[in-house]
>>> print(open('coords-v4.csv').read())   # CSV, C-alpha atoms
chain,number,residue,atom,x,y,z
A,1,MET,CA,0.0,0.0,0.0
A,2,LYS,CA,2.9,2.4,0.7
A,3,TYR,CA,3.8,2.3,-3.0
A,4,SER,CA,0.4,3.4,-4.2
A,5,ARG,CA,0.2,6.0,-1.4
A,6,SER,CA,3.6,7.4,-2.5
A,7,ILE,CA,2.5,7.6,-6.2
A,8,PHE,CA,-0.8,9.1,-5.1
A,9,ILE,CA,1.0,11.8,-3.1
A,10,PHE,CA,3.3,12.5,-6.1
A,11,SER,CA,0.3,13.0,-8.3
A,12,ILE,CA,-1.2,15.5,-5.8
A,13,ILE,CA,2.1,17.4,-5.6
A,14,ASN,CA,2.3,17.4,-9.4
A,15,LEU,CA,-1.3,18.8,-9.6
A,16,ILE,CA,-0.4,21.6,-7.2
A,17,CYS,CA,2.8,22.5,-9.1
A,18,THR,CA,0.9,22.5,-12.4
A,19,PHE,CA,-1.7,24.8,-11.0
A,20,ILE,CA,1.0,27.2,-9.8
A,21,CYS,CA,2.8,27.1,-13.2
A,22,ILE,CA,-0.5,27.7,-15.1
A,23,LYS,CA,-0.9,31.0,-13.3
A,24,TYR,CA,2.2,32.3,-15.2
A,25,LEU,CA,1.1,31.1,-18.7
A,26,PRO,CA,-0.6,33.3,-21.2
A,27,ASP,CA,-4.4,32.8,-21.5
A,28,ASN,CA,-4.1,30.8,-24.7
A,29,VAL,CA,-1.2,28.5,-25.2
A,30,ILE,CA,0.0,26.1,-27.9
A,31,PHE,CA,-1.1,22.5,-27.8
A,32,GLY,CA,-0.8,20.9,-31.2
A,33,ILE,CA,2.7,20.4,-32.8
A,34,THR,CA,3.2,19.8,-36.6
A,35,GLY,CA,5.5,17.2,-38.1
A,36,ASN,CA,8.3,19.7,-38.3
A,37,PHE,CA,7.8,20.7,-34.7
A,38,TYR,CA,6.1,24.0,-35.2
A,39,ALA,CA,3.1,25.1,-33.1
A,40,SER,CA,-0.2,24.2,-34.9
A,41,GLU,CA,-3.1,25.2,-32.6
A,42,PHE,CA,-4.0,27.0,-29.4
A,43,ILE,CA,-6.1,26.0,-26.4
A,44,SER,CA,-6.9,27.6,-23.0
A,45,LYS,CA,-4.1,27.3,-20.5
A,46,TRP,CA,-6.4,25.6,-18.0
A,47,ALA,CA,-6.6,22.5,-20.3
A,48,ASN,CA,-3.2,21.7,-18.8
A,49,LEU,CA,-5.0,20.6,-15.7
A,50,ILE,CA,-6.6,17.6,-17.5
A,51,ILE,CA,-3.6,15.3,-17.2
A,52,PRO,CA,-2.7,15.9,-13.5
A,53,ILE,CA,-6.4,15.8,-12.4
A,54,ALA,CA,-6.7,12.4,-14.3
A,55,GLN,CA,-3.5,11.2,-12.5
A,56,VAL,CA,-4.9,12.1,-9.1
A,57,ILE,CA,-8.2,10.4,-9.8
A,58,CYS,CA,-6.6,7.2,-11.1
A,59,MET,CA,-4.0,7.0,-8.3
A,60,GLY,CA,-6.6,7.8,-5.7
A,61,ILE,CA,-8.7,4.9,-6.9
A,62,ILE,CA,-5.7,2.5,-6.8
A,63,TYR,CA,-4.7,3.8,-3.4
A,64,PHE,CA,-8.2,3.3,-1.8
A,65,VAL,CA,-8.5,-0.1,-3.4
A,66,ASP,CA,-5.2,-1.0,-1.6
A,67,VAL,CA,-6.6,0.2,1.7
A,68,PHE,CA,-9.2,-2.6,1.6
A,69,ASN,CA,-6.8,-5.2,0.1
A,70,ARG,CA,-3.6,-4.7,2.1
A,71,ASN,CA,-2.5,-8.3,1.9
A,72,VAL,CA,-2.7,-8.7,-1.9
A,73,PRO,CA,0.6,-8.0,-3.7
A,74,HIS,CA,0.4,-5.7,-6.7
A,75,LYS,CA,4.0,-5.3,-7.8
A,76,TYR,CA,3.3,-4.9,-11.5
A,77,ARG,CA,0.3,-2.7,-11.0
A,78,TYR,CA,2.6,-0.2,-9.1
A,79,LEU,CA,5.2,-0.4,-11.8
A,80,ILE,CA,2.8,0.2,-14.6
A,81,SER,CA,1.1,3.0,-12.7
A,82,TRP,CA,4.4,4.7,-12.1
A,83,VAL,CA,5.5,4.4,-15.7
A,84,ALA,CA,2.2,5.9,-16.8
A,85,ILE,CA,2.4,8.7,-14.3
A,86,ALA,CA,6.0,9.5,-15.1
A,87,PHE,CA,5.5,9.5,-18.9
A,88,THR,CA,2.4,11.7,-18.8
A,89,THR,CA,4.1,14.1,-16.3
A,90,TYR,CA,7.1,14.4,-18.5
A,91,LEU,CA,5.2,15.2,-21.6
A,92,MET,CA,3.0,17.7,-19.6
A,93,TRP,CA,5.9,19.7,-18.2
A,94,VAL,CA,7.8,19.8,-21.5
A,95,LEU,CA,4.6,21.2,-23.1
A,96,MET,CA,4.1,23.8,-20.4
A,97,PHE,CA,7.6,25.1,-20.7
A,98,LEU,CA,7.1,25.3,-24.5
A,99,GLN,CA,3.9,27.3,-23.7
A,100,LEU,CA,5.9,29.8,-21.6
A,101,GLU,CA,7.5,31.1,-24.7
A,102,ASN,CA,4.1,32.1,-26.1
A,103,ASN,CA,5.0,30.9,-29.6
A,104,GLU,CA,2.9,31.7,-32.6
A,105,ILE,CA,1.6,29.2,-35.1
A,106,GLY,CA,4.1,28.2,-37.7
A,107,VAL,CA,7.1,29.5,-35.7
A,108,PRO,CA,9.9,27.1,-34.7
A,109,LEU,CA,9.7,26.1,-31.0
A,110,ASN,CA,12.3,26.9,-28.4
A,111,TRP,CA,12.7,23.5,-26.8
A,112,PRO,CA,13.4,23.3,-23.0
A,113,TRP,CA,16.4,20.9,-23.3
A,114,THR,CA,17.2,20.9,-19.6
A,115,ILE,CA,13.7,19.7,-18.8
A,116,ILE,CA,13.7,17.2,-21.7
A,117,ILE,CA,17.0,15.6,-20.5
A,118,LEU,CA,16.9,15.9,-16.7
A,119,PHE,CA,13.2,15.3,-16.0
A,120,PRO,CA,13.2,11.6,-17.2
A,121,ILE,CA,16.4,11.0,-15.3
A,122,ALA,CA,14.8,12.4,-12.1
A,123,LEU,CA,11.6,10.4,-12.6
A,124,PHE,CA,13.7,7.2,-13.1
A,125,LEU,CA,15.6,8.1,-9.8
A,126,PHE,CA,12.3,8.3,-8.0
A,127,ALA,CA,11.6,4.7,-9.0
A,128,GLU,CA,15.1,3.6,-8.2
A,129,GLY,CA,14.8,5.2,-4.8
A,130,PHE,CA,11.7,3.0,-4.0
A,131,ASP,CA,13.7,0.0,-5.2
A,132,GLU,CA,16.8,0.8,-3.2
A,133,TYR,CA,14.9,1.3,0.0
A,134,ASN,CA,13.7,-2.3,0.0
A,135,LYS,CA,16.4,-4.0,-2.0
A,136,ASN,CA,17.0,-7.7,-1.0
A,137,PRO,CA,20.6,-9.0,-0.4
A,138,ASN,CA,20.3,-11.4,-3.3
A,139,GLU,CA,19.7,-8.5,-5.8
A,140,PHE,CA,22.4,-6.6,-7.7
A,141,SER,CA,23.4,-3.4,-6.0
A,142,ILE,CA,26.2,-0.8,-6.8
A,143,PHE,CA,26.8,-0.8,-3.0
A,144,GLY,CA,27.2,-4.6,-3.0
A,145,VAL,CA,30.8,-4.4,-1.6
A,146,LYS,CA,32.1,-6.9,0.9
A,147,TRP,CA,31.5,-4.8,4.0
A,148,VAL,CA,27.9,-4.2,3.0
A,149,LYS,CA,27.2,-7.9,2.1
A,150,GLY,CA,28.9,-9.0,5.3
A,151,SER,CA,25.9,-7.9,7.5
A,152,SER,CA,22.2,-7.9,6.8
A,153,LEU,CA,21.8,-4.9,9.1
A,154,VAL,CA,24.5,-2.9,7.2
A,155,TRP,CA,22.9,-3.9,3.9
A,156,SER,CA,19.5,-2.8,5.1
A,157,LYS,CA,20.6,0.5,6.6
A,158,THR,CA,22.8,1.3,3.6
A,159,HIS,CA,20.1,0.8,1.1
A,160,LYS,CA,17.5,2.6,3.1
A,161,MET,CA,19.9,5.6,3.1
A,162,ALA,CA,20.5,5.1,-0.6
A,163,GLY,CA,16.8,5.2,-1.2
A,164,ILE,CA,16.3,8.4,0.7
A,165,ILE,CA,19.2,10.1,-0.9
A,166,THR,CA,18.1,9.0,-4.4
A,167,GLU,CA,14.7,10.8,-3.8
A,168,ILE,CA,16.6,13.9,-2.7
A,169,VAL,CA,18.8,13.8,-5.8
A,170,ALA,CA,15.7,13.4,-8.0
A,171,ILE,CA,14.0,16.4,-6.5
A,172,THR,CA,17.2,18.4,-6.8
A,173,LEU,CA,17.5,17.6,-10.5
A,174,ILE,CA,13.9,18.6,-11.1
A,175,VAL,CA,14.4,21.9,-9.3
A,176,LEU,CA,17.7,22.6,-11.1
A,177,SER,CA,16.2,21.8,-14.5
A,178,ILE,CA,13.4,24.3,-13.9
A,179,VAL,CA,15.6,27.0,-12.5
A,180,ASN,CA,18.1,26.5,-15.4
A,181,GLU,CA,15.3,26.9,-18.0
A,182,LEU,CA,13.9,30.0,-16.3
A,183,VAL,CA,17.1,31.8,-15.1
A,184,TRP,CA,20.5,30.3,-15.8
A,185,HIS,CA,20.3,28.8,-19.4
A,186,THR,CA,23.7,27.1,-19.0
A,187,ASN,CA,24.9,23.7,-20.3
A,188,TRP,CA,27.1,23.4,-17.2
A,189,ILE,CA,23.9,22.2,-15.4
A,190,TYR,CA,24.5,18.7,-16.8
A,191,LEU,CA,27.9,18.5,-15.2
A,192,VAL,CA,26.4,19.7,-12.0
A,193,ALA,CA,23.8,17.0,-12.2
A,194,VAL,CA,26.4,14.3,-12.7
A,195,LEU,CA,28.5,15.6,-9.8
A,196,ILE,CA,25.5,15.7,-7.5
A,197,TRP,CA,24.8,12.1,-8.3
A,198,VAL,CA,28.4,11.0,-7.8
A,199,PHE,CA,29.1,12.9,-4.6
A,200,VAL,CA,25.7,13.2,-2.9
A,201,TYR,CA,24.4,9.8,-3.8
A,202,TYR,CA,27.2,7.4,-4.5
A,203,LEU,CA,30.2,8.5,-2.5
A,204,PHE,CA,28.2,9.7,0.5
A,205,THR,CA,26.2,6.4,0.7
A,206,LEU,CA,29.4,4.4,0.2
A,207,LEU,CA,31.1,6.3,3.1
A,208,TYR,CA,28.0,5.8,5.2
A,209,SER,CA,28.1,2.1,4.6
A,210,TYR,CA,31.8,1.9,5.5
A,211,ALA,CA,31.1,3.8,8.8
A,212,LEU,CA,28.3,1.3,9.5
A,213,ALA,CA,30.6,-1.6,8.8
A,214,LYS,CA,33.1,-0.2,11.2
A,215,GLU,CA,30.5,0.2,13.9
A,216,TYR,CA,29.1,-3.3,13.5
A,217,GLY,CA,32.4,-5.0,12.9
A,218,THR,CA,31.9,-6.3,9.4
A,219,ASN,CA,35.0,-4.6,8.1
>>> encode(input="coords-v4.csv", output="structure tokens")
Amino acid sequence: MKYSRSIFIFSIINLICTFICIKYLPDNVIFGITGNFYASEFISKWANLIIPIAQVICMGIIYFVDVFNRNVPHKYRYLISWVAIAFTTYLMWVLMFLQLENNEIGVPLNWPWTIIILFPIALFLFAEGFDEYNKNPNEFSIFGVKWVKGSSLVWSKTHKMAGIITEIVAITLIVLSIVNELVWHTNWIYLVAVLIWVFVYYLFTLLYSYALAKEYGTN
């Protein structure tokens, strides 16, 4: 149930963020895109709420079904739900950042490349964070070094920390991509994203696991 609850909460947060972003859009925004990636039609900016509202309704139904069926495993339903939520969220935010430019019909679009590149990575990291938090010792892990494998407690604590940090890194990448599109407009943001993953996620978690191993005598 915690998986459906987490995705449901994500859909609510996405709806709130969408509503805030819509306030800054022009009244009529592009929606259709031609084969050569030009704007082809306009709609009301409030039509952007259709996808996040549908997400909240669908995930709300799945969550409340889980409330009454707690002992029934639904691994693939959660996976399919997250893929659907992530894909539609990605397309929605790319479109809204295109709409910020207030393009006219037949004019080449100014694509928000930071959003296009970093958003799917961040959405993947959200899923990876869920997986890390409950990873079994027999599964592959980039933290599967000998001092982590030497103790089930070190393994559990290390991967729970990895799961939490993965979520933090995912949120950070989303924030950085949005700020870069609105303010900085620099390609250095991709190097920053890689360094955040390496130092904040991998090296910090590895050092944390080593400290745990020292504490519990597995290294």
>>> atom_distance(input="coords-v4.csv", atom1="CA of Val175 (chain A)", atom2="CA of Leu125 (chain A)")
13.9 Å
>>> closest_residue(input="coords-v4.csv", among="A:Ala193, A:Ile85, A:Val94, A:Cys58", to="Leu123 (chain A)", atoms="all atoms listed in the file")
A:Ile85
>>> atom_distance(input="coords-v4.csv", atom1="CA of Leu95 (chain A)", atom2="CA of Tyr63 (chain A)")
27.9 Å
>>> residues_around(input="coords-v4.csv", residues="Ile164 (chain A)", least_positions_apart="3", cutoff="9 Å", atoms="only C-alpha atoms", output="VMD selection string")
chain A and resid 129 to 130 132 to 133 159 to 161 167 to 169
>>> atom_distance(input="coords-v4.csv", atom1="CA of Glu139 (chain A)", atom2="CA of Phe199 (chain A)")
23.4 Å
>>> residues_around(input="coords-v4.csv", residues="Gly144 (chain A)", least_positions_apart="3", cutoff="12 Å", atoms="only C-alpha atoms", output="ChimeraX atom specification")
/A:132,135-141,147-152,154-156,158-159,205-206,209-210
>>> closest_residue(input="coords-v4.csv", among="A:Gln99, A:Ser4, A:Asn14, A:Thr186", to="Lys45 (chain A)", atoms="all atoms listed in the file")
A:Gln99
>>> closest_residue(input="coords-v4.csv", among="A:Ile9, A:Leu191, A:Leu91, A:Ile196", to="Ile116 (chain A)", atoms="all atoms listed in the file")
A:Leu91
>>> closest_residue(input="coords-v4.csv", among="A:Trp188, A:Phe64, A:Phe31, A:Trp82", to="Phe124 (chain A)", atoms="all atoms listed in the file")
A:Trp82
>>> closest_residue(input="coords-v4.csv", among="A:Gly163, A:Pro52, A:Pro26, A:Gly217", to="Glu101 (chain A)", atoms="all atoms listed in the file")
A:Pro26
>>> closest_residue(input="coords-v4.csv", among="A:Val83, A:Phe204, A:Lys2, A:Asp27", to="Asp66 (chain A)", atoms="only C-alpha atoms")
A:Lys2
>>> residues_around(input="coords-v4.csv", residues="Met92 (chain A)", least_positions_apart="4", cutoff="8 Å", atoms="only C-alpha atoms", output="number ranges by chain")
A: 48, 51, 88, 96
